[in-house]
$ cat work33.pdb   # PDB, C-alpha atoms and all ligand atoms
MODEL        1
ATOM      1  CA  MET A  28       3.739  -5.705 -20.579
ATOM      2  CA  ILE A  29       3.066  -4.059 -17.221
ATOM      3  CA  VAL A  30       1.848  -6.299 -14.399
ATOM      4  CA  GLU A  31       0.427  -4.891 -11.169
ATOM      5  CA  ARG A  32      -0.602  -6.963  -8.177
ATOM      6  CA  ALA A  33      -4.071  -6.362  -6.724
ATOM      7  CA  PRO A  34      -3.780  -7.567  -3.110
ATOM      8  CA  ALA A  35      -6.789  -8.498  -0.994
ATOM      9  CA  LYS A  36      -7.905  -5.733   1.363
ATOM     10  CA  ILE A  37      -8.631  -6.611   4.992
ATOM     11  CA  ASN A  38     -10.578  -4.448   7.442
ATOM     12  CA  LEU A  39      -8.862  -5.244  10.768
ATOM     13  CA  ALA A  40     -11.654  -3.169  12.356
ATOM     14  CA  LEU A  41     -14.615  -1.381  10.788
ATOM     15  CA  HIS A  42     -16.696   1.076  12.803
ATOM     16  CA  VAL A  43     -19.768   2.592  11.176
ATOM     17  CA  ARG A  44     -20.491   6.031  12.621
ATOM     18  CA  HIS A  45     -23.481   7.526  10.812
ATOM     19  CA  ARG A  46     -25.316   7.729   7.506
ATOM     20  CA  ARG A  47     -24.349  10.827   5.532
ATOM     21  CA  PRO A  48     -26.673  13.014   3.462
ATOM     22  CA  ASP A  49     -25.127  11.525   0.263
ATOM     23  CA  GLY A  50     -26.357   8.056   1.298
ATOM     24  CA  TYR A  51     -22.870   6.751   2.112
ATOM     25  CA  HIS A  52     -21.863   5.963   5.698
ATOM     26  CA  ALA A  53     -19.093   7.677   7.613
ATOM     27  CA  ILE A  54     -16.728   4.910   8.702
ATOM     28  CA  GLU A  55     -13.537   4.482  10.689
ATOM     29  CA  THR A  56     -11.547   1.497   9.579
ATOM     30  CA  LEU A  57      -8.123  -0.099   9.971
ATOM     31  CA  PHE A  58      -7.183  -1.101   6.438
ATOM     32  CA  ALA A  59      -4.517  -3.736   5.892
ATOM     33  CA  PHE A  60      -3.461  -5.760   2.850
ATOM     34  CA  ALA A  61      -2.590  -9.368   2.204
ATOM     35  CA  ARG A  62       0.512 -10.386   0.276
ATOM     36  CA  ASP A  63      -1.735 -12.266  -2.194
ATOM     37  CA  GLY A  64      -4.621 -11.369  -4.457
ATOM     38  CA  ASP A  65      -5.527 -10.742  -8.080
ATOM     39  CA  ALA A  66      -3.141  -9.475 -10.768
ATOM     40  CA  VAL A  67      -3.726  -7.085 -13.669
ATOM     41  CA  SER A  68      -1.647  -6.845 -16.855
ATOM     42  CA  VAL A  69      -1.746  -3.982 -19.345
ATOM     43  CA  GLU A  70      -0.039  -3.411 -22.702
ATOM     44  CA  LEU A  71      -0.566  -1.245 -25.753
ATOM     45  CA  ALA A  72      -1.957  -3.357 -28.611
ATOM     46  CA  ALA A  73      -3.313  -3.107 -32.157
ATOM     47  CA  ALA A  74      -6.877  -3.633 -30.861
ATOM     48  CA  SER A  75      -8.488  -3.438 -27.400
ATOM     49  CA  SER A  76      -9.088  -6.702 -25.561
ATOM     50  CA  PHE A  77      -9.954  -7.806 -22.018
ATOM     51  CA  THR A  78      -9.356 -11.366 -20.833
ATOM     52  CA  ILE A  79     -10.163 -12.762 -17.375
ATOM     53  CA  THR A  80      -8.435 -15.921 -16.139
ATOM     54  CA  GLY A  81      -8.105 -17.572 -12.736
ATOM     55  CA  PRO A  82     -10.349 -19.545 -10.365
ATOM     56  CA  PHE A  83     -13.048 -16.838 -10.068
ATOM     57  CA  ALA A  84     -13.065 -15.682 -13.719
ATOM     58  CA  ALA A  85     -16.482 -17.242 -14.368
ATOM     59  CA  ALA A  86     -18.130 -15.021 -11.715
ATOM     60  CA  LEU A  87     -17.330 -11.840 -13.650
ATOM     61  CA  SER A  88     -18.412 -10.050 -16.813
ATOM     62  CA  THR A  89     -15.871  -8.643 -19.292
ATOM     63  CA  LEU A  90     -18.435  -5.975 -20.274
ATOM     64  CA  ASP A  91     -19.445  -4.599 -16.856
ATOM     65  CA  ASN A  92     -16.268  -4.641 -14.782
ATOM     66  CA  LEU A  93     -14.464  -2.258 -12.439
ATOM     67  CA  VAL A  94     -11.334  -2.808 -14.561
ATOM     68  CA  LEU A  95     -13.097  -1.123 -17.504
ATOM     69  CA  ALA A  96     -14.471   1.625 -15.248
ATOM     70  CA  ALA A  97     -10.903   2.311 -14.068
ATOM     71  CA  ILE A  98      -9.630   2.548 -17.669
ATOM     72  CA  GLU A  99     -12.434   4.997 -18.457
ATOM     73  CA  ALA A 100     -11.732   7.102 -15.361
ATOM     74  CA  PHE A 101      -8.017   7.207 -16.220
ATOM     75  CA  ALA A 102      -8.745   8.179 -19.847
ATOM     76  CA  SER A 103     -11.074  11.029 -18.737
ATOM     77  CA  ALA A 104      -8.387  12.418 -16.439
ATOM     78  CA  PHE A 105      -5.261  11.906 -18.564
ATOM     79  CA  GLY A 106      -6.430  11.145 -22.128
ATOM     80  CA  THR A 107      -6.648   7.695 -23.710
ATOM     81  CA  PRO A 108      -3.341   5.827 -23.832
ATOM     82  CA  GLY A 109      -4.498   3.980 -27.025
ATOM     83  CA  PRO A 110      -5.909   0.458 -27.578
ATOM     84  CA  LEU A 111      -5.016  -1.785 -24.628
ATOM     85  CA  ALA A 112      -4.754  -5.525 -24.117
ATOM     86  CA  ILE A 113      -5.832  -6.031 -20.508
ATOM     87  CA  GLY A 114      -5.560  -9.212 -18.481
ATOM     88  CA  LEU A 115      -7.133  -9.915 -15.084
ATOM     89  CA  ASP A 116      -6.084 -12.962 -13.067
ATOM     90  CA  LYS A 117      -9.027 -13.362 -10.672
ATOM     91  CA  ASN A 118      -7.952 -15.254  -7.573
ATOM     92  CA  LEU A 119     -10.197 -13.541  -4.996
ATOM     93  CA  PRO A 120     -13.860 -14.451  -4.518
ATOM     94  CA  VAL A 121     -16.264 -11.811  -5.864
ATOM     95  CA  ALA A 122     -18.472  -9.654  -3.579
ATOM     96  CA  SER A 123     -16.686 -11.048  -0.549
ATOM     97  CA  GLY A 124     -15.572  -8.111   1.650
ATOM     98  CA  ILE A 125     -11.911  -8.216   0.618
ATOM     99  CA  GLY A 126     -12.242  -5.532  -2.015
ATOM    100  CA  GLY A 127     -11.311  -7.616  -5.028
ATOM    101  CA  GLY A 128     -12.979  -5.271  -7.525
ATOM    102  CA  SER A 129     -11.507  -2.227  -5.771
ATOM    103  CA  ALA A 130      -8.047  -3.818  -5.751
ATOM    104  CA  ASP A 131      -8.339  -4.550  -9.485
ATOM    105  CA  ALA A 132      -9.429  -0.966 -10.242
ATOM    106  CA  ALA A 133      -6.527   0.449  -8.213
ATOM    107  CA  ALA A 134      -4.073  -1.923  -9.951
ATOM    108  CA  VAL A 135      -5.328  -0.682 -13.336
ATOM    109  CA  LEU A 136      -4.760   2.944 -12.261
ATOM    110  CA  ARG A 137      -1.215   2.094 -11.117
ATOM    111  CA  ALA A 138      -0.488   0.147 -14.325
ATOM    112  CA  LEU A 139      -1.765   2.906 -16.624
ATOM    113  CA  ALA A 140       0.187   5.516 -14.661
ATOM    114  CA  ARG A 141       3.366   3.459 -15.213
ATOM    115  CA  LEU A 142       2.537   2.939 -18.911
ATOM    116  CA  THR A 143       2.035   6.665 -19.542
ATOM    117  CA  GLN A 144       4.687   7.949 -17.115
ATOM    118  CA  VAL A 145       2.148   9.616 -14.820
ATOM    119  CA  SER A 146       3.495  10.014 -11.288
ATOM    120  CA  PRO A 147       1.871   7.567  -8.818
ATOM    121  CA  ASP A 148       1.459  10.607  -6.530
ATOM    122  CA  ASP A 149      -0.456  12.673  -9.127
ATOM    123  CA  PRO A 150      -3.557  13.975  -7.291
ATOM    124  CA  ARG A 151      -5.658  13.270 -10.429
ATOM    125  CA  LEU A 152      -4.930   9.554  -9.941
ATOM    126  CA  ALA A 153      -6.253   9.768  -6.363
ATOM    127  CA  ALA A 154      -9.340  11.596  -7.703
ATOM    128  CA  CYS A 155      -9.981   8.711 -10.152
ATOM    129  CA  ALA A 156      -9.784   6.287  -7.207
ATOM    130  CA  VAL A 157     -12.340   8.247  -5.147
ATOM    131  CA  GLU A 158     -14.755   8.236  -8.082
ATOM    132  CA  LEU A 159     -14.444   4.438  -8.538
ATOM    133  CA  GLY A 160     -15.505   3.334  -5.037
ATOM    134  CA  ALA A 161     -15.033   3.790  -1.311
ATOM    135  CA  ASP A 162     -12.272   1.148  -1.047
ATOM    136  CA  VAL A 163     -10.317   2.144  -4.172
ATOM    137  CA  PRO A 164      -8.226   4.960  -2.560
ATOM    138  CA  ALA A 165      -7.052   2.543   0.156
ATOM    139  CA  CYS A 166      -6.221  -0.058  -2.505
ATOM    140  CA  LEU A 167      -4.305   2.590  -4.496
ATOM    141  CA  LEU A 168      -2.263   3.394  -1.370
ATOM    142  CA  GLY A 169      -1.814  -0.362  -0.843
ATOM    143  CA  ARG A 170      -0.540  -0.254   2.727
ATOM    144  CA  ALA A 171      -2.038  -0.371   6.207
ATOM    145  CA  ALA A 172      -3.876   2.852   7.057
ATOM    146  CA  LEU A 173      -6.602   4.347   9.199
ATOM    147  CA  GLY A 174      -9.469   5.212   6.848
ATOM    148  CA  THR A 175     -12.083   7.848   7.692
ATOM    149  CA  GLY A 176     -14.750   9.719   5.728
ATOM    150  CA  ARG A 177     -16.299   7.028   3.535
ATOM    151  CA  GLY A 178     -12.906   5.314   3.662
ATOM    152  CA  GLU A 179     -11.011   7.671   1.344
ATOM    153  CA  GLN A 180      -9.208   9.798   3.974
ATOM    154  CA  LEU A 181      -6.127   7.772   4.757
ATOM    155  CA  ALA A 182      -3.431   7.984   7.427
ATOM    156  CA  PRO A 183      -0.745   5.269   6.964
ATOM    157  CA  LEU A 184      -0.037   2.931   9.907
ATOM    158  CA  ASP A 185       2.764   0.473  10.662
ATOM    159  CA  GLY A 186       2.938  -2.498  12.921
ATOM    160  CA  LEU A 187       1.759  -5.873  11.615
ATOM    161  CA  ALA A 188       3.674  -6.501   8.355
ATOM    162  CA  GLY A 189       4.487 -10.179   7.928
ATOM    163  CA  THR A 190       1.828 -11.410  10.390
ATOM    164  CA  PRO A 191       0.518 -14.822   9.210
ATOM    165  CA  LEU A 192      -3.045 -14.502   7.890
ATOM    166  CA  LEU A 193      -5.774 -16.945   6.929
ATOM    167  CA  LEU A 194      -8.742 -15.872   4.811
ATOM    168  CA  VAL A 195     -11.887 -18.030   4.709
ATOM    169  CA  ASN A 196     -14.976 -17.486   2.576
ATOM    170  CA  PRO A 197     -18.007 -19.812   2.635
ATOM    171  CA  ARG A 198     -18.607 -19.109  -1.086
ATOM    172  CA  VAL A 199     -21.648 -16.921  -0.491
ATOM    173  CA  ALA A 200     -21.623 -13.540  -2.282
ATOM    174  CA  VAL A 201     -22.857 -10.635  -0.123
ATOM    175  CA  SER A 202     -23.894  -7.228  -1.515
ATOM    176  CA  THR A 203     -22.130  -4.324   0.234
ATOM    177  CA  ALA A 204     -25.111  -1.991  -0.302
ATOM    178  CA  ALA A 205     -27.542  -4.558   1.202
ATOM    179  CA  VAL A 206     -25.365  -4.953   4.313
ATOM    180  CA  PHE A 207     -25.039  -1.177   4.907
ATOM    181  CA  ALA A 208     -28.813  -0.863   4.429
ATOM    182  CA  ARG A 209     -29.322  -3.289   7.363
ATOM    183  CA  TRP A 210     -26.968  -1.449   9.761
ATOM    184  CA  ASP A 211     -28.963  -0.602  12.908
ATOM    185  CA  GLY A 212     -27.961   3.094  12.991
ATOM    186  CA  GLU A 213     -26.188   2.910  16.343
ATOM    187  CA  ASP A 214     -22.797   4.649  16.618
ATOM    188  CA  ARG A 215     -20.808   2.405  18.978
ATOM    189  CA  GLY A 216     -17.815   4.746  19.113
ATOM    190  CA  PRO A 217     -14.464   5.339  17.486
ATOM    191  CA  ILE A 218     -11.424   3.113  17.064
ATOM    192  CA  ALA A 219      -9.065   3.394  20.078
ATOM    193  CA  GLU A 220      -5.612   4.954  19.918
ATOM    194  CA  GLY A 221      -2.454   2.833  20.300
ATOM    195  CA  GLY A 222      -0.543   0.182  18.395
ATOM    196  CA  LEU A 223      -2.176  -1.437  15.371
ATOM    197  CA  LEU A 224      -2.828  -4.853  16.962
ATOM    198  CA  ASP A 225      -4.244  -3.315  20.165
ATOM    199  CA  ARG A 226      -6.458  -1.000  18.126
ATOM    200  CA  ALA A 227      -7.688  -3.941  16.045
ATOM    201  CA  LEU A 228      -8.264  -6.154  19.106
ATOM    202  CA  SER A 229     -10.306  -3.519  20.906
ATOM    203  CA  GLY A 230     -12.236  -2.722  17.718
ATOM    204  CA  ARG A 231     -15.200  -4.337  15.977
ATOM    205  CA  ASN A 232     -16.735  -4.918  12.612
ATOM    206  CA  ASP A 233     -20.095  -3.133  12.880
ATOM    207  CA  LEU A 234     -21.214  -4.777   9.623
ATOM    208  CA  GLU A 235     -20.926  -8.278  11.090
ATOM    209  CA  ALA A 236     -24.459  -8.389  12.539
ATOM    210  CA  PRO A 237     -26.182  -7.087   9.373
ATOM    211  CA  ALA A 238     -24.061  -9.378   7.168
ATOM    212  CA  ARG A 239     -24.903 -12.390   9.365
ATOM    213  CA  ALA A 240     -28.602 -11.553   9.051
ATOM    214  CA  ILE A 241     -28.188 -11.893   5.272
ATOM    215  CA  ALA A 242     -25.725 -14.810   5.299
ATOM    216  CA  PRO A 243     -25.947 -16.756   8.611
ATOM    217  CA  VAL A 244     -23.075 -19.047   7.510
ATOM    218  CA  ILE A 245     -20.721 -16.161   8.432
ATOM    219  CA  GLY A 246     -21.386 -17.138  12.090
ATOM    220  CA  ASP A 247     -20.156 -20.667  11.298
ATOM    221  CA  VAL A 248     -16.983 -19.329   9.639
ATOM    222  CA  LEU A 249     -16.199 -17.132  12.658
ATOM    223  CA  ALA A 250     -16.895 -19.983  15.084
ATOM    224  CA  VAL A 251     -14.648 -22.403  13.184
ATOM    225  CA  LEU A 252     -11.811 -19.846  12.831
ATOM    226  CA  GLY A 253     -12.035 -18.914  16.519
ATOM    227  CA  SER A 254     -11.967 -22.523  17.728
ATOM    228  CA  THR A 255      -9.150 -23.764  15.462
ATOM    229  CA  GLY A 256      -5.681 -23.154  16.913
ATOM    230  CA  ALA A 257      -5.019 -19.979  18.896
ATOM    231  CA  PRO A 258      -5.454 -16.991  16.570
ATOM    232  CA  LEU A 259      -4.429 -13.511  17.746
ATOM    233  CA  LEU A 260      -7.584 -12.096  16.168
ATOM    234  CA  THR A 261     -10.558 -13.441  14.180
ATOM    235  CA  ARG A 262     -13.020 -11.125  12.466
ATOM    236  CA  MET A 263     -15.178 -10.607   9.369
ATOM    237  CA  SER A 264     -13.670  -8.264   6.745
ATOM    238  CA  GLY A 265     -15.615  -5.428   5.095
ATOM    239  CA  SER A 266     -19.236  -6.310   4.400
ATOM    240  CA  GLY A 267     -18.455 -10.062   4.413
ATOM    241  CA  ALA A 268     -18.669 -12.896   3.926
ATOM    242  CA  THR A 269     -14.871 -13.411   4.072
ATOM    243  CA  CYS A 270     -13.491 -13.738   7.605
ATOM    244  CA  PHE A 271      -9.847 -13.726   8.613
ATOM    245  CA  ALA A 272      -7.575 -14.847  11.403
ATOM    246  CA  LEU A 273      -4.103 -13.591  12.380
ATOM    247  CA  TYR A 274      -1.546 -15.992  13.914
ATOM    248  CA  ARG A 275       1.731 -15.831  15.815
ATOM    249  CA  ASP A 276       3.525 -18.025  13.296
ATOM    250  CA  ALA A 277       3.144 -19.791   9.960
ATOM    251  CA  THR A 278       2.960 -23.260  11.557
ATOM    252  CA  GLU A 279      -0.157 -22.295  13.542
ATOM    253  CA  ARG A 280      -1.687 -20.861  10.368
ATOM    254  CA  ALA A 281      -0.894 -24.040   8.413
ATOM    255  CA  HIS A 282      -2.497 -26.242  11.103
ATOM    256  CA  ALA A 283      -5.631 -24.092  11.150
ATOM    257  CA  ALA A 284      -5.846 -24.082   7.339
ATOM    258  CA  ALA A 285      -5.442 -27.875   7.161
ATOM    259  CA  ALA A 286      -8.152 -28.410   9.795
ATOM    260  CA  ILE A 287     -10.602 -26.034   8.102
ATOM    261  CA  ARG A 288      -9.971 -27.524   4.623
ATOM    262  CA  ALA A 289     -10.671 -30.992   6.079
ATOM    263  CA  SER A 290     -13.851 -30.004   7.928
ATOM    264  CA  HIS A 291     -15.199 -27.614   5.233
ATOM    265  CA  PRO A 292     -13.771 -28.666   1.861
ATOM    266  CA  ASP A 293     -16.283 -26.448   0.031
ATOM    267  CA  TRP A 294     -15.053 -23.212   1.684
ATOM    268  CA  TRP A 295     -12.396 -21.011   0.026
ATOM    269  CA  CYS A 296      -9.312 -20.810   2.218
ATOM    270  CA  LEU A 297      -6.175 -18.754   1.480
ATOM    271  CA  GLU A 298      -2.973 -18.859   3.529
ATOM    272  CA  SER A 299      -1.211 -15.516   3.295
ATOM    273  CA  ALA A 300       0.448 -12.836   5.441
ATOM    274  CA  LEU A 301      -0.172  -9.151   6.031
ATOM    275  CA  ALA A 302       1.819  -6.930   3.642
TER
HETATM  276  C1  LIG A 401     -17.358  -2.074   3.546
HETATM  277  C2  LIG A 401     -16.077  -1.547   2.945
HETATM  278  O1  LIG A 401     -15.514  -2.516   2.101
HETATM  279  C3  LIG A 401     -15.071  -1.274   4.073
HETATM  280  O2  LIG A 401     -13.767  -1.103   3.586
HETATM  281  C4  LIG A 401     -16.305  -0.293   2.144
HETATM  282  O3  LIG A 401     -16.890   0.673   2.988
HETATM  283  C5  LIG A 401     -17.121  -0.555   0.891
HETATM  284  O4  LIG A 401     -16.349  -0.148  -0.188
HETATM  285  P1  LIG A 401     -16.773  -0.408  -1.719
HETATM  286  O5  LIG A 401     -17.118  -1.838  -1.918
HETATM  287  O6  LIG A 401     -15.674   0.205  -2.555
HETATM  288  O7  LIG A 401     -18.084   0.413  -1.783
HETATM  289  P2  LIG A 401     -18.750   1.211  -2.984
HETATM  290  O8  LIG A 401     -18.688   0.389  -4.220
HETATM  291  O9  LIG A 401     -18.236   2.612  -2.997
HETATM  292  O10 LIG A 401     -20.237   1.263  -2.427
HETATM  293  C6  LIG A 401     -21.170   0.219  -2.520
HETATM  294  C7  LIG A 401     -22.377   0.603  -1.691
HETATM  295  O11 LIG A 401     -22.087   0.410  -0.299
HETATM  296  C8  LIG A 401     -22.645   1.441   0.494
HETATM  297  N1  LIG A 401     -21.565   2.155   1.204
HETATM  298  C9  LIG A 401     -20.254   1.957   0.876
HETATM  299  C10 LIG A 401     -19.253   2.593   1.577
HETATM  300  C11 LIG A 401     -19.611   3.462   2.652
HETATM  301  N2  LIG A 401     -18.679   4.086   3.363
HETATM  302  N3  LIG A 401     -20.917   3.648   2.948
HETATM  303  C12 LIG A 401     -21.895   2.996   2.256
HETATM  304  O12 LIG A 401     -23.072   3.166   2.551
HETATM  305  C13 LIG A 401     -23.420   2.339  -0.453
HETATM  306  O13 LIG A 401     -24.738   1.886  -0.448
HETATM  307  C14 LIG A 401     -22.773   2.059  -1.795
HETATM  308  O14 LIG A 401     -23.660   2.259  -2.853
HETATM  309  N1  LIG A 402     -12.971  -6.857 -11.344
HETATM  310  C1  LIG A 402     -13.958  -7.122 -10.470
HETATM  311  N2  LIG A 402     -13.733  -7.915  -9.408
HETATM  312  C2  LIG A 402     -14.717  -8.162  -8.505
HETATM  313  N3  LIG A 402     -15.956  -7.671  -8.604
HETATM  314  C3  LIG A 402     -16.235  -6.871  -9.637
HETATM  315  C4  LIG A 402     -15.264  -6.553 -10.614
HETATM  316  N4  LIG A 402     -15.823  -5.747 -11.514
HETATM  317  C5  LIG A 402     -17.098  -5.568 -11.139
HETATM  318  N5  LIG A 402     -17.369  -6.242 -10.015
HETATM  319  C6  LIG A 402     -18.648  -6.239  -9.289
HETATM  320  O1  LIG A 402     -18.463  -5.479  -8.078
HETATM  321  C7  LIG A 402     -19.190  -6.047  -6.981
HETATM  322  C8  LIG A 402     -18.319  -5.976  -5.717
HETATM  323  O2  LIG A 402     -17.266  -6.845  -5.866
HETATM  324  P1  LIG A 402     -15.992  -6.878  -4.901
HETATM  325  O3  LIG A 402     -15.402  -8.243  -5.020
HETATM  326  O4  LIG A 402     -15.129  -5.720  -5.108
HETATM  327  O5  LIG A 402     -16.741  -6.717  -3.503
HETATM  328  P2  LIG A 402     -16.271  -6.804  -2.059
HETATM  329  O6  LIG A 402     -15.153  -7.812  -1.952
HETATM  330  O7  LIG A 402     -17.468  -7.025  -1.209
HETATM  331  O8  LIG A 402     -15.669  -5.405  -1.799
HETATM  332  P3  LIG A 402     -15.666  -4.508  -0.510
HETATM  333  O9  LIG A 402     -14.783  -5.164   0.487
HETATM  334  O10 LIG A 402     -15.007  -3.318  -1.139
HETATM  335  O11 LIG A 402     -17.058  -4.340  -0.084
HETATM  336  C9  LIG A 402     -19.558  -7.461  -7.399
HETATM  337  O12 LIG A 402     -20.952  -7.552  -7.370
HETATM  338  C10 LIG A 402     -19.028  -7.648  -8.810
HETATM  339  O13 LIG A 402     -19.976  -8.200  -9.691
ENDMDL
END
$ encode --input "work33.pdb" --output "structure tokens"
Amino acid sequence: MIVERAPAKINLALHVRHRRPDGYHAIETLFAFARDGDAVSVELAAASSFTITGPFAAALSTLDNLVLAAIEAFASAFGTPGPLAIGLDKNLPVASGIGGGSADAAAVLRALARLTQVSPDDPRLAACAVELGADVPACLLGRAALGTGRGEQLAPLDGLAGTPLLLVNPRVAVSTAAVFARWDGEDRGPIAEGGLLDRALSGRNDLEAPARAIAPVIGDVLAVLGSTGAPLLTRMSGSGATCFALYRDATERAHAAAAIRASHPDWWCLESALA
């Protein structure tokens, strides 16, 4: 059996530049990844099956799922590997700005490439990722990168691996398309040059205001994260509603997590680190 991790994607900064003729938005974003996330398993079997386990399994369909779309995309590009038993361990909240579905799709592409001895650098694999969604190429790369275009043009970046990270979601699903549709159309400028933390600190998430208009509780999450301990950076990721904080050390992260779990026991809270 082949197991591939599907780490949560974080947008350390997300600048929306303009709406393109194809309806997508040109973005500039600092992608980073957590050490934790979902996991996908794949093996050849007598008959096809797809099983979802984990804390967020109930939020997903086994019939309409990015995992199945990724298998289809792979089969169109490389031929069908045969009947597959697929497992998805769903640990990340769904429709939450941390790319769970995109991470799962990318993990499937990586797993099928290993199963069929396709090179992970095969350009047809990257083409499958582009077809599956704007975040899937970044998730296929799986390391910090500057993303441009609609997020698929990637330039790897170093600088923050190991930084303690806290992810907090108020358990409100937010539609990415609905948030982009509410963006005010104003280009507030590019991401600055420099080291990764400085670039992130001087950056923004331009989807925060439209996401907060849809889910005002995001403002509460940001306020609580910003006022608990002394984070290096607090921000919303992607189209929300998950927000994150970066810390100097694991003790500060643990204190913040304990305080937030006590004050908001209904929120999802994951202690992790940047990959
Ligand atoms: C917000 C981000 O998560 C930042 O990393 C991504 O830009 C969104 O990536 P994603 O969830 O993989 O997005 P997709 O599934 O490709 O697109 C969902 C919808 O979001 C909008 N969308 C997405 C990406 C983008 N650059 N411009 C857009 O306008 C489109 O309406 C699209 O129909
Ligand atoms: N395996 C999957 N995991 C999560 N969502 C999935 C999956 N398959 C299909 N979906 C659907 O895709 C939509 C987006 O889910 P996802 O969790 O990837 O969003 P997101 O975290 O907001 O992503 P992004 O940060 O890329 O905007 C959801 O509405 C969900 O129903």
$ resolve_selection --input "work33.pdb" --expression "the PyMOL selection byres (((not hetatm)) within 8 of (chain A and resi 401))" --output "PyMOL selection string"
chain A and resi 36-38+41+46+50-54+56+58+124-126+128-129+159-163+176-178+202-208+234+264-266
$ resolve_selection --input "work33.pdb" --expression "the PyMOL selection byres (((chain A and resi 296) around 12) and not hetatm)" --output "PyMOL selection string"
chain A and resi 118-120+192-198+248+252+269-272+280-281+283-295+297-299
$ atom_distance --input "work33.pdb" --atom1 "atom CA of A:Gln144" --atom2 "atom CA of A:Ile29"
12.1 Å
$ axis_aligned_box --input "work33.pdb" --around "stretch 75-86 of chain A" --padding-each-side "8 Å" --output "JSON"
{"center_x": -13.1, "center_y": -11.5, "center_z": -18.7, "size_x": 26.0, "size_y": 32.1, "size_z": 33.3}
$ closest_residue --input "work33.pdb" --among "A:Leu152, A:Ile98, A:Ala73, A:Ala227" --to "ligand LIG 402 (chain A)" --atoms "all atoms listed in the file"
A:Ile98
$ build_atoms --input "work33.pdb" --residues "stretch 126-138 of chain A" --atoms "N, CA and C atoms" --output "PDB file, in the coordinates of the input"
ATOM      1  N   GLY A 126     -12.532  -6.612  -1.070  1.00  0.00           N
ATOM      2  CA  GLY A 126     -12.242  -5.532  -2.015  1.00  0.00           C
ATOM      3  C   GLY A 126     -11.649  -5.940  -3.337  1.00  0.00           C
ATOM      4  N   GLY A 127     -11.940  -7.154  -3.795  1.00  0.00           N
ATOM      5  CA  GLY A 127     -11.311  -7.616  -5.028  1.00  0.00           C
ATOM      6  C   GLY A 127     -11.489  -6.648  -6.192  1.00  0.00           C
ATOM      7  N   GLY A 128     -12.722  -6.196  -6.410  1.00  0.00           N
ATOM      8  CA  GLY A 128     -12.979  -5.271  -7.525  1.00  0.00           C
ATOM      9  C   GLY A 128     -12.248  -3.954  -7.320  1.00  0.00           C
ATOM     10  N   SER A 129     -12.215  -3.483  -6.086  1.00  0.00           N
ATOM     11  CA  SER A 129     -11.507  -2.227  -5.771  1.00  0.00           C
ATOM     12  C   SER A 129     -10.012  -2.398  -5.974  1.00  0.00           C
ATOM     13  N   ALA A 130      -9.477  -3.552  -5.573  1.00  0.00           N
ATOM     14  CA  ALA A 130      -8.047  -3.818  -5.751  1.00  0.00           C
ATOM     15  C   ALA A 130      -7.702  -3.859  -7.238  1.00  0.00           C
ATOM     16  N   ASP A 131      -8.578  -4.476  -8.036  1.00  0.00           N
ATOM     17  CA  ASP A 131      -8.339  -4.550  -9.485  1.00  0.00           C
ATOM     18  C   ASP A 131      -8.340  -3.152 -10.094  1.00  0.00           C
ATOM     19  N   ALA A 132      -9.325  -2.332  -9.699  1.00  0.00           N
ATOM     20  CA  ALA A 132      -9.429  -0.966 -10.242  1.00  0.00           C
ATOM     21  C   ALA A 132      -8.179  -0.158  -9.878  1.00  0.00           C
ATOM     22  N   ALA A 133      -7.725  -0.280  -8.642  1.00  0.00           N
ATOM     23  CA  ALA A 133      -6.527   0.449  -8.213  1.00  0.00           C
ATOM     24  C   ALA A 133      -5.298  -0.047  -8.971  1.00  0.00           C
ATOM     25  N   ALA A 134      -5.218  -1.366  -9.212  1.00  0.00           N
ATOM     26  CA  ALA A 134      -4.073  -1.923  -9.951  1.00  0.00           C
ATOM     27  C   ALA A 134      -4.062  -1.398 -11.378  1.00  0.00           C
ATOM     28  N   VAL A 135      -5.243  -1.247 -11.981  1.00  0.00           N
ATOM     29  CA  VAL A 135      -5.328  -0.682 -13.336  1.00  0.00           C
ATOM     30  C   VAL A 135      -4.811   0.756 -13.329  1.00  0.00           C
ATOM     31  N   LEU A 136      -5.229   1.545 -12.338  1.00  0.00           N
ATOM     32  CA  LEU A 136      -4.760   2.944 -12.261  1.00  0.00           C
ATOM     33  C   LEU A 136      -3.243   2.984 -12.137  1.00  0.00           C
ATOM     34  N   ARG A 137      -2.680   2.127 -11.283  1.00  0.00           N
ATOM     35  CA  ARG A 137      -1.215   2.094 -11.117  1.00  0.00           C
ATOM     36  C   ARG A 137      -0.525   1.668 -12.406  1.00  0.00           C
ATOM     37  N   ALA A 138      -1.103   0.663 -13.091  1.00  0.00           N
ATOM     38  CA  ALA A 138      -0.488   0.147 -14.325  1.00  0.00           C
ATOM     39  C   ALA A 138      -0.520   1.215 -15.422  1.00  0.00           C
TER      40      ALA A 138
END
